[in-house]
Amino acid sequence: MEERGILGVKPRKQSAARIRARRWLKRREIWLVALGIALHAVYMLSIFDIYFKSPIVHGMDSVSPRFTPPAKRLVLLVADGLRADKFFEPDSDGNYRAPFLRSVIKGRGRWGVSHARPPTESRPGHVAIIAGFYEDPSAVTKGWKANPVEFDSVFNKSRHTFSYGSPDIVPIFCKALPHSTWNSYPHEFEDFATDASFLDEWSFDQFKSIVNRSKEDHKLKELFQQDQNVIFLHLLGCDSNGHAHRPYSSIYLNNVKVVDRIAEGVYNLLENYFKDNQTAYIFTADHGMSDKGSHGDGHWSNTDTPLVVWGAGVKTPKPASDNNQNHGERFVDEHDMHDTPTPDDWGLNNIERVDVNQADIAPLMSTLLGLPCPVNSVGSLPLDYIDLNKGDEVEAVLANAKQILHQFLRKSQLKQASSFRFKPFEPLAQYTSILDEIESLISIGDYEHAMKLSQNIRSLGLDGLHYFQTYDWFMLMTVIVLGYFGWMLCLILHVLQSYTSFPEKILKKEEAVFTRDYPSKVYLCGSLIMASIFIVLYLEHSPPLYHAYFAMTIFLWTNIFSEYRFLRAIWKHFLQTKESRHVIELSATCIASIIILELLVRSFTERIMYTWCFLIVGVISSLFLYKSIPWKSAIPIFLWLTCWFLSVFTLMPAEIPDNTVLVSISGLIIVVIGGFSRYIEKHTKDNKYWLYLVNRYSKPTFPFLFHIQALLVGLSSVLVYLSTSHRTEKRELLALHQVMNWSIAGISMVLPLFSATDLLSRLTSIFLGFAPPFLLLSIGYEAVFYGALGLALFGWISFENALLYVNKPNKSLTSFDSENGNIILEEGDRCLQLSDIRIPVVFLVFFNIAFFGTGNFASIASFEISSVYRFITIFSPFLMAALLIFKLFIPFMLVICAFSAITKLVKVPRSGCYFLVILCSDVMTIHFFFLVKNTGSWMEIGNSISHFGIVSAQVVFVLLLFALTNIYTKDIQTRPTNQVSQKTM
């Protein structure tokens, strides 16, 4: 029986069986969530096994060159973060920024553009230059202090290496190298608030000091006098200044002049010291720099770096002819076509340009010194830089080809030893006869034919390396796809069984009570299959992750088949359904949802999709409310305007321009929005439409809480202007400003916990509470986006509130009126209906607009480091990264808070909606899994990895944000639907 209370129906006391069932459901969902996190984490790693498996193998012998080396020592100068165009182009006065290196290009050396590959970060770039291979993108996440795997390099092969520069780069190559002399400056020197060109001067001064000291130190002089020495100077100034001041700033451009002076200083120092003309010099960069001061992706500004080579063993400049003019325009590597003709303003069109892959520099250095190429190098020797006779050229290319061939043979050997059905790479089945033919041609002096065969076998060797790199591709793709489908089907079954009335309907026809039985035969069969596959994988010496892929996929499908009784009941239900309306509704809902999700997939490459989305939704939703609400109201117009306002931001450039004044003004906009919400709270006495959202009896802990929060938003706006202007003028952040920024950001995020618990008051307080830290981390229009997103989320809540008003609550779907004891919901919640799928779908739209509303965060280079300068200027990568990630999380937290409030408003189980969100997200995930590329341009490859990773990680992001926002939303109270009916309104 039910009792009538003052506020309506008082729910009957829950039975012990229902309490146990609730506990069982919570344990089941904890297990399901843990499985989902593990599955997505493991499957996310699968793309690196499929597409980007580490190229390094061990156990190969070095190939010693059979020619006299043209140089006794080599100098490698790497200007970190130096763009090719900023190096070669003239300044505003028509003067070139690197006069010494330009004189080298015109008088005694060769030049070109070195093309890097994403991820265009310092570590992968230096590995490509010094070791000759391209690290897979996952290597960037494995640490900067030491090698994630051991690899060979030019430094390893050298007699002795002298190295000076950044503590993030030099130790990678020299810390464990016994025959090296190196030093690096402290991390504290890397201060983004200063001109970092002094770091380059420090590196040069250290080297100059040791050279001068060797004149008096006999042992040190002997070290310098050895042949096959390498001198490496890492010049970080351009990178630091590019991050802090942008590559078009005067500080960055002056730093180009600094590295040119250092190159001249090193040249003069060594030529005067040795006086033997036996030193070779290479000047290049590891990556470039985008216009907004970042790098990481495949944009030409990040991949195009300068290359200047001169000295012993290097050809002299060659006039450009019709056959070789604009050589870079025809430049092709294995993954990218570089359409980069030489700009006229570089003033170098009359000198032959020779472009290279970044990995080609390693065999170039090895050949100049007469060293074996690094054993994992995949670079091709650029002959246009080497000054050798025909016979030595063939020997150099043959040594390069044999070294690549040795890698191929080692990979073939390892794969053959671990495969039951091995398929060899047929084009190199007769490689020994090709090598014999080359040796024969060399012996008779037919160098031209020998060169062609050597280059051909080198090319085939690279193709063979790619073949074995993707040997397991089809098998792994099949397992991962089956795993994703199995996971999605598990989610569907769980939601149907636990949060809908569907089991009651279909099992009544079966005249049985639904019980979750796990047939032992199904699990026994699954265990046998898993054991058999594990044995095969063990015998093939497969990596541990292969076992994890198969284990998760088999486990998921075993659980699905264990629900065979429920699956059979569903199948019979659809076969026996007489009302085609239900099938049509289900089909239409699924099709509409998939179309929206596919549009979200498309939006990762075309942000304008969100503009069209909100323009169209703004009109349709407004017209729907206008027809539905039976009184004149401004709500449809408000919803229309908020959608159109939000649609503007995805038309703006992804690279956010600095605009401190706009950030400060945005604080005023946010306070006005909060005041508007406050006005609604205080003037809803005669408008019972708002009774779902407002509870007059709910009061904040502090009476002036709203005024305190508005004051903090205003203070943060003022501090944005003061902190930025002071740092710009005096190049450092005042300690007072820093303390105030941290204090305001921290205090403001705590205050929403003391606000009133009705829906509108709490959400307004959350909106104002996260505004100060977001403003302090903003540099431009993204601050206005925060206010637009808040208005759009309020429009979403208003729309759901209108639907709740228009549609009478369906009593038969509440948890306490259901006759089926297997549906276990929280008090006051109702069962999920087919139409409720709109909530997770709309949530995903807002969740993704939080990503792309203020930039293309699918790109590594979209993280704007200057956002953190109001909190910290001393280089601290972990703290800076934490602040950047927190800034990205703030819009997500607003979306999650609105989502949680809506689930409470419409009385649907939040856990059930969470699983539907993950289900919809995985529809996108499996699409992006197929879109991951390992061919085409490297920009496309890098973006495809980012897209897949972002969507795969949403299961963790959403769960984490649910946990964080639950602190703010768990106390939200809404009026029961039986208190506010359409009749009373």
# chains A, B, ... in the order shown; residues from 1 in each chain; ligands from 1
$ residues_around --residues "segment 123-127 of chain A" --least-positions-apart "4" --cutoff "8 Å" --atoms "only C-alpha atoms" --output "list in words"
Ala116, Arg117, Pro119, Ala131, Gly132, Phe133, Tyr134, Glu135, Ala139, Val140, Trp144, Ile169, Asp286, His287 and Gln358 of chain A
$ write_last_selection --atoms "all heavy atoms" --output "CSV table (one decimal), in the first residue's frame"
chain,number,residue,atom,x,y,z
A,116,ALA,N,60.7,16.8,-42.0
A,116,ALA,CA,60.5,15.9,-40.8
A,116,ALA,C,59.1,15.3,-41.0
A,116,ALA,O,58.3,15.6,-41.8
A,116,ALA,CB,60.5,16.8,-39.6
A,117,ARG,N,58.9,14.3,-40.1
A,117,ARG,CA,57.6,13.6,-40.0
A,117,ARG,C,57.0,13.8,-38.7
A,117,ARG,O,57.7,13.8,-37.7
A,117,ARG,CB,57.8,12.1,-40.3
A,117,ARG,CG,58.2,11.8,-41.7
A,117,ARG,CD,58.2,10.3,-41.9
A,117,ARG,NE,58.7,9.9,-43.2
A,117,ARG,CZ,59.0,8.6,-43.5
A,117,ARG,NH1,58.7,7.7,-42.7
A,117,ARG,NH2,59.4,8.3,-44.7
A,119,PRO,N,55.2,12.7,-35.2
A,119,PRO,CA,55.1,13.9,-34.4
A,119,PRO,C,56.3,14.8,-34.4
A,119,PRO,O,57.4,14.3,-34.1
A,119,PRO,CB,54.8,13.3,-33.0
A,119,PRO,CG,55.5,12.0,-33.0
A,119,PRO,CD,55.4,11.5,-34.4
A,131,ALA,N,69.9,8.9,-35.5
A,131,ALA,CA,69.8,7.5,-35.5
A,131,ALA,C,69.3,7.0,-36.9
A,131,ALA,O,69.4,5.8,-37.2
A,131,ALA,CB,69.0,6.9,-34.4
A,132,GLY,N,68.6,7.9,-37.7
A,132,GLY,CA,68.2,7.5,-39.0
A,132,GLY,C,66.9,6.8,-39.1
A,132,GLY,O,66.6,6.2,-40.2
A,133,PHE,N,66.1,6.7,-38.1
A,133,PHE,CA,64.8,6.0,-38.2
A,133,PHE,C,63.7,6.9,-37.5
A,133,PHE,O,64.1,7.8,-36.7
A,133,PHE,CB,64.8,4.6,-37.6
A,133,PHE,CG,64.9,4.6,-36.1
A,133,PHE,CD1,63.8,4.6,-35.3
A,133,PHE,CD2,66.2,4.6,-35.5
A,133,PHE,CE1,63.9,4.5,-33.9
A,133,PHE,CE2,66.3,4.5,-34.1
A,133,PHE,CZ,65.1,4.5,-33.3
A,134,TYR,N,62.5,6.6,-37.9
A,134,TYR,CA,61.4,7.4,-37.4
A,134,TYR,C,60.7,6.7,-36.2
A,134,TYR,O,60.2,5.6,-36.4
A,134,TYR,CB,60.4,7.7,-38.5
A,134,TYR,CG,61.0,8.5,-39.6
A,134,TYR,CD1,61.3,7.8,-40.8
A,134,TYR,CD2,61.2,9.8,-39.6
A,134,TYR,CE1,61.9,8.5,-41.9
A,134,TYR,CE2,61.7,10.5,-40.6
A,134,TYR,CZ,62.1,9.8,-41.8
A,134,TYR,OH,62.6,10.5,-42.8
A,135,GLU,N,60.8,7.3,-35.0
A,135,GLU,CA,60.2,6.6,-33.9
A,135,GLU,C,58.6,6.6,-34.1
A,135,GLU,O,58.1,7.5,-34.6
A,135,GLU,CB,60.5,7.4,-32.6
A,135,GLU,CG,61.8,7.1,-32.0
A,135,GLU,CD,62.0,7.6,-30.6
A,135,GLU,OE1,61.7,8.8,-30.4
A,135,GLU,OE2,62.3,6.8,-29.8
A,139,ALA,N,56.3,6.5,-28.9
A,139,ALA,CA,57.6,6.7,-28.2
A,139,ALA,C,57.7,8.0,-27.5
A,139,ALA,O,58.4,8.2,-26.5
A,139,ALA,CB,58.8,6.6,-29.2
A,140,VAL,N,56.9,9.0,-28.0
A,140,VAL,CA,56.9,10.4,-27.4
A,140,VAL,C,56.4,10.3,-26.0
A,140,VAL,O,56.8,11.0,-25.1
A,140,VAL,CB,56.1,11.3,-28.2
A,140,VAL,CG1,56.2,12.7,-27.6
A,140,VAL,CG2,56.7,11.4,-29.7
A,144,TRP,N,61.2,11.4,-21.9
A,144,TRP,CA,62.2,12.2,-22.6
A,144,TRP,C,63.6,12.0,-22.0
A,144,TRP,O,64.5,12.4,-22.6
A,144,TRP,CB,61.8,13.7,-22.5
A,144,TRP,CG,60.5,14.0,-23.3
A,144,TRP,CD1,59.2,13.8,-22.8
A,144,TRP,CD2,60.4,14.5,-24.6
A,144,TRP,NE1,58.4,14.2,-23.8
A,144,TRP,CE2,59.0,14.6,-24.9
A,144,TRP,CE3,61.3,14.8,-25.6
A,144,TRP,CZ2,58.6,15.1,-26.1
A,144,TRP,CZ3,60.8,15.3,-26.8
A,144,TRP,CH2,59.5,15.4,-27.0
A,169,ILE,N,67.5,16.8,-24.4
A,169,ILE,CA,68.0,16.1,-25.6
A,169,ILE,C,69.3,15.5,-25.5
A,169,ILE,O,69.5,14.3,-25.8
A,169,ILE,CB,68.0,17.2,-26.8
A,169,ILE,CG1,66.6,17.6,-27.1
A,169,ILE,CG2,68.6,16.5,-28.0
A,169,ILE,CD1,65.6,16.6,-27.5
A,286,ASP,N,65.3,20.2,-36.0
A,286,ASP,CA,64.6,19.0,-35.7
A,286,ASP,C,63.1,19.1,-36.2
A,286,ASP,O,62.5,18.2,-36.6
A,286,ASP,CB,64.6,18.6,-34.2
A,286,ASP,CG,64.2,19.7,-33.3
A,286,ASP,OD1,64.1,20.9,-33.8
A,286,ASP,OD2,64.0,19.5,-32.1
A,287,HIS,N,62.6,20.3,-36.1
A,287,HIS,CA,61.2,20.6,-36.5
A,287,HIS,C,61.0,22.1,-36.6
A,287,HIS,O,62.0,22.9,-36.3
A,287,HIS,CB,60.2,20.1,-35.5
A,287,HIS,CG,60.4,20.6,-34.1
A,287,HIS,ND1,60.1,21.9,-33.7
A,287,HIS,CD2,60.9,20.0,-33.0
A,287,HIS,CE1,60.4,22.1,-32.4
A,287,HIS,NE2,60.9,20.9,-32.0
A,358,GLN,N,64.3,13.6,-43.3
A,358,GLN,CA,65.1,13.9,-42.1
A,358,GLN,C,66.0,12.7,-41.8
A,358,GLN,O,67.1,12.9,-41.3
A,358,GLN,CB,64.2,14.2,-40.9
A,358,GLN,CG,64.9,14.9,-39.8
A,358,GLN,CD,63.9,15.4,-38.7
A,358,GLN,OE1,63.1,14.6,-38.2
A,358,GLN,NE2,63.9,16.7,-38.5
$ residues_around --residues "Gly112 of chain A" --least-positions-apart "3" --cutoff "9 Å" --atoms "only C-alpha atoms" --output "VMD selection string"
chain A and resid 305 to 309 327 to 328 352 to 356
$ write_last_selection --atoms "N, CA and C atoms" --output "PDB file, in the first residue's frame"
ATOM      1  N   THR A 305      62.320  22.137 -42.523  1.00  0.00           N
ATOM      2  CA  THR A 305      63.435  22.699 -41.770  1.00  0.00           C
ATOM      3  C   THR A 305      64.616  22.923 -42.711  1.00  0.00           C
ATOM      4  N   PRO A 306      65.500  23.869 -42.382  1.00  0.00           N
ATOM      5  CA  PRO A 306      66.634  24.171 -43.271  1.00  0.00           C
ATOM      6  C   PRO A 306      67.722  23.095 -43.161  1.00  0.00           C
ATOM      7  N   LEU A 307      68.466  22.922 -44.230  1.00  0.00           N
ATOM      8  CA  LEU A 307      69.617  22.015 -44.248  1.00  0.00           C
ATOM      9  C   LEU A 307      70.733  22.690 -45.045  1.00  0.00           C
ATOM     10  N   VAL A 308      71.868  22.889 -44.388  1.00  0.00           N
ATOM     11  CA  VAL A 308      73.057  23.463 -45.042  1.00  0.00           C
ATOM     12  C   VAL A 308      74.231  22.556 -44.686  1.00  0.00           C
ATOM     13  N   VAL A 309      74.958  22.078 -45.711  1.00  0.00           N
ATOM     14  CA  VAL A 309      76.079  21.157 -45.510  1.00  0.00           C
ATOM     15  C   VAL A 309      77.296  21.714 -46.250  1.00  0.00           C
ATOM     16  N   HIS A 327      64.133  21.550 -57.139  1.00  0.00           N
ATOM     17  CA  HIS A 327      64.182  20.104 -56.882  1.00  0.00           C
ATOM     18  C   HIS A 327      63.140  19.693 -55.857  1.00  0.00           C
ATOM     19  N   GLY A 328      62.860  20.576 -54.886  1.00  0.00           N
ATOM     20  CA  GLY A 328      61.908  20.216 -53.828  1.00  0.00           C
ATOM     21  C   GLY A 328      60.500  20.008 -54.338  1.00  0.00           C
ATOM     22  N   GLU A 352      71.220  25.075 -57.099  1.00  0.00           N
ATOM     23  CA  GLU A 352      70.520  23.796 -56.993  1.00  0.00           C
ATOM     24  C   GLU A 352      70.135  23.494 -55.542  1.00  0.00           C
ATOM     25  N   ARG A 353      68.898  23.107 -55.393  1.00  0.00           N
ATOM     26  CA  ARG A 353      68.366  22.755 -54.068  1.00  0.00           C
ATOM     27  C   ARG A 353      68.171  21.245 -54.006  1.00  0.00           C
ATOM     28  N   VAL A 354      68.620  20.632 -52.912  1.00  0.00           N
ATOM     29  CA  VAL A 354      68.515  19.183 -52.743  1.00  0.00           C
ATOM     30  C   VAL A 354      67.774  18.898 -51.433  1.00  0.00           C
ATOM     31  N   ASP A 355      66.530  18.500 -51.548  1.00  0.00           N
ATOM     32  CA  ASP A 355      65.735  18.170 -50.364  1.00  0.00           C
ATOM     33  C   ASP A 355      65.975  16.729 -49.940  1.00  0.00           C
ATOM     34  N   VAL A 356      65.799  16.469 -48.646  1.00  0.00           N
ATOM     35  CA  VAL A 356      66.009  15.123 -48.109  1.00  0.00           C
ATOM     36  C   VAL A 356      64.920  14.810 -47.094  1.00  0.00           C
TER      37      VAL A 356
END
$ atom_distance --atom1 "atom CA of Phe88 of chain A" --atom2 "atom CA of Leu383 of chain A"
23.0 Å
$ select_by_dssp --residues "segment 166-343 of chain A" --states "helix (DSSP H, G or I)" --output "ChimeraX atom specification"
/A:170-174,187-189,197-214,218-225,237-245,250-274,300-303,327-330
$ residues_around --residues "segment 196-210 of chain A" --least-positions-apart "4" --cutoff "6 Å" --atoms "only C-alpha atoms" --output "CSV table (one decimal) with N, CA and C atoms, in the first residue's frame"
chain,number,residue,atom,x,y,z
A,164,TYR,N,76.7,19.5,-26.4
A,164,TYR,CA,76.3,20.5,-25.4
A,164,TYR,C,74.9,21.0,-25.8
A,165,GLY,N,74.1,21.2,-24.8
A,165,GLY,CA,72.8,21.8,-25.1
A,165,GLY,C,71.7,21.5,-24.1
A,235,LEU,N,70.9,23.7,-30.1
A,235,LEU,CA,70.5,25.2,-29.9
A,235,LEU,C,69.0,25.3,-29.7
A,237,GLY,N,67.3,27.9,-28.4
A,237,GLY,CA,66.7,29.2,-28.3
A,237,GLY,C,65.5,29.5,-29.2
A,241,ASN,N,61.8,30.5,-27.7
A,241,ASN,CA,61.3,31.8,-28.1
A,241,ASN,C,60.1,31.7,-29.0
A,255,ASN,N,66.8,35.5,-33.0
A,255,ASN,CA,67.5,34.3,-32.6
A,255,ASN,C,68.0,33.5,-33.8
$ decode --residues "segment 604-629 of chain A" --atoms "N, CA, C and O atoms" --output "mmCIF file, in the first residue's frame"
data_model
loop_
_atom_site.group_PDB
_atom_site.id
_atom_site.type_symbol
_atom_site.label_atom_id
_atom_site.label_comp_id
_atom_site.auth_asym_id
_atom_site.auth_seq_id
_atom_site.Cartn_x
_atom_site.Cartn_y
_atom_site.Cartn_z
ATOM 1 N N PHE A 604 35.253 16.140 -37.032
ATOM 2 C CA PHE A 604 36.646 16.142 -36.592
ATOM 3 C C PHE A 604 37.575 16.727 -37.650
ATOM 4 O O PHE A 604 38.666 17.183 -37.324
ATOM 5 N N THR A 605 37.156 16.683 -38.873
ATOM 6 C CA THR A 605 37.957 17.274 -39.949
ATOM 7 C C THR A 605 37.323 18.542 -40.513
ATOM 8 O O THR A 605 38.008 19.334 -41.160
ATOM 9 N N GLU A 606 36.035 18.730 -40.260
ATOM 10 C CA GLU A 606 35.337 19.929 -40.752
ATOM 11 C C GLU A 606 34.528 20.518 -39.603
ATOM 12 O O GLU A 606 33.380 20.126 -39.362
ATOM 13 N N ARG A 607 35.127 21.477 -38.894
ATOM 14 C CA ARG A 607 34.465 22.069 -37.734
ATOM 15 C C ARG A 607 33.189 22.803 -38.114
ATOM 16 O O ARG A 607 32.307 23.005 -37.271
ATOM 17 N N ILE A 608 33.061 23.181 -39.373
ATOM 18 C CA ILE A 608 31.879 23.933 -39.799
ATOM 19 C C ILE A 608 30.600 23.113 -39.646
ATOM 20 O O ILE A 608 29.488 23.654 -39.651
ATOM 21 N N MET A 609 30.742 21.793 -39.488
ATOM 22 C CA MET A 609 29.563 20.943 -39.279
ATOM 23 C C MET A 609 28.782 21.391 -38.048
ATOM 24 O O MET A 609 27.553 21.332 -38.033
ATOM 25 N N TYR A 610 29.482 21.859 -37.014
ATOM 26 C CA TYR A 610 28.794 22.311 -35.805
ATOM 27 C C TYR A 610 28.026 23.601 -36.067
ATOM 28 O O TYR A 610 26.967 23.832 -35.477
ATOM 29 N N THR A 611 28.564 24.435 -36.945
ATOM 30 C CA THR A 611 27.841 25.666 -37.279
ATOM 31 C C THR A 611 26.502 25.332 -37.921
ATOM 32 O O THR A 611 25.447 25.846 -37.502
ATOM 33 N N TRP A 612 26.527 24.456 -38.914
ATOM 34 C CA TRP A 612 25.274 24.053 -39.563
ATOM 35 C C TRP A 612 24.352 23.341 -38.578
ATOM 36 O O TRP A 612 23.132 23.541 -38.601
ATOM 37 N N CYS A 613 24.938 22.522 -37.717
ATOM 38 C CA CYS A 613 24.136 21.775 -36.741
ATOM 39 C C CYS A 613 23.330 22.722 -35.853
ATOM 40 O O CYS A 613 22.114 22.573 -35.716
ATOM 41 N N PHE A 614 24.006 23.709 -35.274
ATOM 42 C CA PHE A 614 23.312 24.593 -34.341
ATOM 43 C C PHE A 614 22.428 25.609 -35.056
ATOM 44 O O PHE A 614 21.428 26.076 -34.481
ATOM 45 N N LEU A 615 22.770 25.954 -36.285
ATOM 46 C CA LEU A 615 21.865 26.825 -37.045
ATOM 47 C C LEU A 615 20.531 26.120 -37.308
ATOM 48 O O LEU A 615 19.445 26.695 -37.139
ATOM 49 N N ILE A 616 20.621 24.853 -37.717
ATOM 50 C CA ILE A 616 19.406 24.087 -38.035
ATOM 51 C C ILE A 616 18.632 23.727 -36.770
ATOM 52 O O ILE A 616 17.411 23.900 -36.689
ATOM 53 N N VAL A 617 19.353 23.229 -35.755
ATOM 54 C CA VAL A 617 18.691 22.835 -34.502
ATOM 55 C C VAL A 617 18.043 24.037 -33.838
ATOM 56 O O VAL A 617 16.959 23.925 -33.247
ATOM 57 N N GLY A 618 18.691 25.198 -33.922
ATOM 58 C CA GLY A 618 18.105 26.388 -33.318
ATOM 59 C C GLY A 618 16.735 26.708 -33.885
ATOM 60 O O GLY A 618 15.803 27.057 -33.147
ATOM 61 N N VAL A 619 16.588 26.569 -35.189
ATOM 62 C CA VAL A 619 15.293 26.859 -35.827
ATOM 63 C C VAL A 619 14.269 25.779 -35.506
ATOM 64 O O VAL A 619 13.134 26.067 -35.082
ATOM 65 N N ILE A 620 14.651 24.501 -35.664
ATOM 66 C CA ILE A 620 13.701 23.400 -35.479
ATOM 67 C C ILE A 620 13.219 23.326 -34.035
ATOM 68 O O ILE A 620 12.005 23.215 -33.772
ATOM 69 N N SER A 621 14.148 23.385 -33.068
ATOM 70 C CA SER A 621 13.745 23.282 -31.660
ATOM 71 C C SER A 621 12.886 24.462 -31.235
ATOM 72 O O SER A 621 11.937 24.309 -30.458
ATOM 73 N N SER A 622 13.195 25.654 -31.763
ATOM 74 C CA SER A 622 12.399 26.833 -31.418
ATOM 75 C C SER A 622 10.978 26.714 -31.957
ATOM 76 O O SER A 622 10.002 27.031 -31.256
ATOM 77 N N LEU A 623 10.849 26.252 -33.207
ATOM 78 C CA LEU A 623 9.509 26.059 -33.771
ATOM 79 C C LEU A 623 8.725 24.991 -33.011
ATOM 80 O O LEU A 623 7.515 25.135 -32.783
ATOM 81 N N PHE A 624 9.410 23.939 -32.586
ATOM 82 C CA PHE A 624 8.755 22.881 -31.822
ATOM 83 C C PHE A 624 8.215 23.429 -30.507
ATOM 84 O O PHE A 624 7.056 23.152 -30.133
ATOM 85 N N LEU A 625 9.016 24.201 -29.798
ATOM 86 C CA LEU A 625 8.551 24.762 -28.530
ATOM 87 C C LEU A 625 7.445 25.784 -28.750
ATOM 88 O O LEU A 625 6.495 25.879 -27.950
ATOM 89 N N TYR A 626 7.543 26.531 -29.823
ATOM 90 C CA TYR A 626 6.518 27.540 -30.103
ATOM 91 C C TYR A 626 5.155 26.882 -30.303
ATOM 92 O O TYR A 626 4.122 27.413 -29.873
ATOM 93 N N LYS A 627 5.164 25.708 -30.964
ATOM 94 C CA LYS A 627 3.914 24.993 -31.193
ATOM 95 C C LYS A 627 3.444 24.243 -29.949
ATOM 96 O O LYS A 627 2.248 24.010 -29.773
ATOM 97 N N SER A 628 4.375 23.867 -29.088
ATOM 98 C CA SER A 628 4.042 22.990 -27.971
ATOM 99 C C SER A 628 3.589 23.753 -26.730
ATOM 100 O O SER A 628 2.682 23.320 -26.026
ATOM 101 N N ILE A 629 4.263 24.866 -26.423
ATOM 102 C CA ILE A 629 3.934 25.599 -25.197
ATOM 103 C C ILE A 629 2.698 26.458 -25.454
ATOM 104 O O ILE A 629 2.715 27.327 -26.334
#
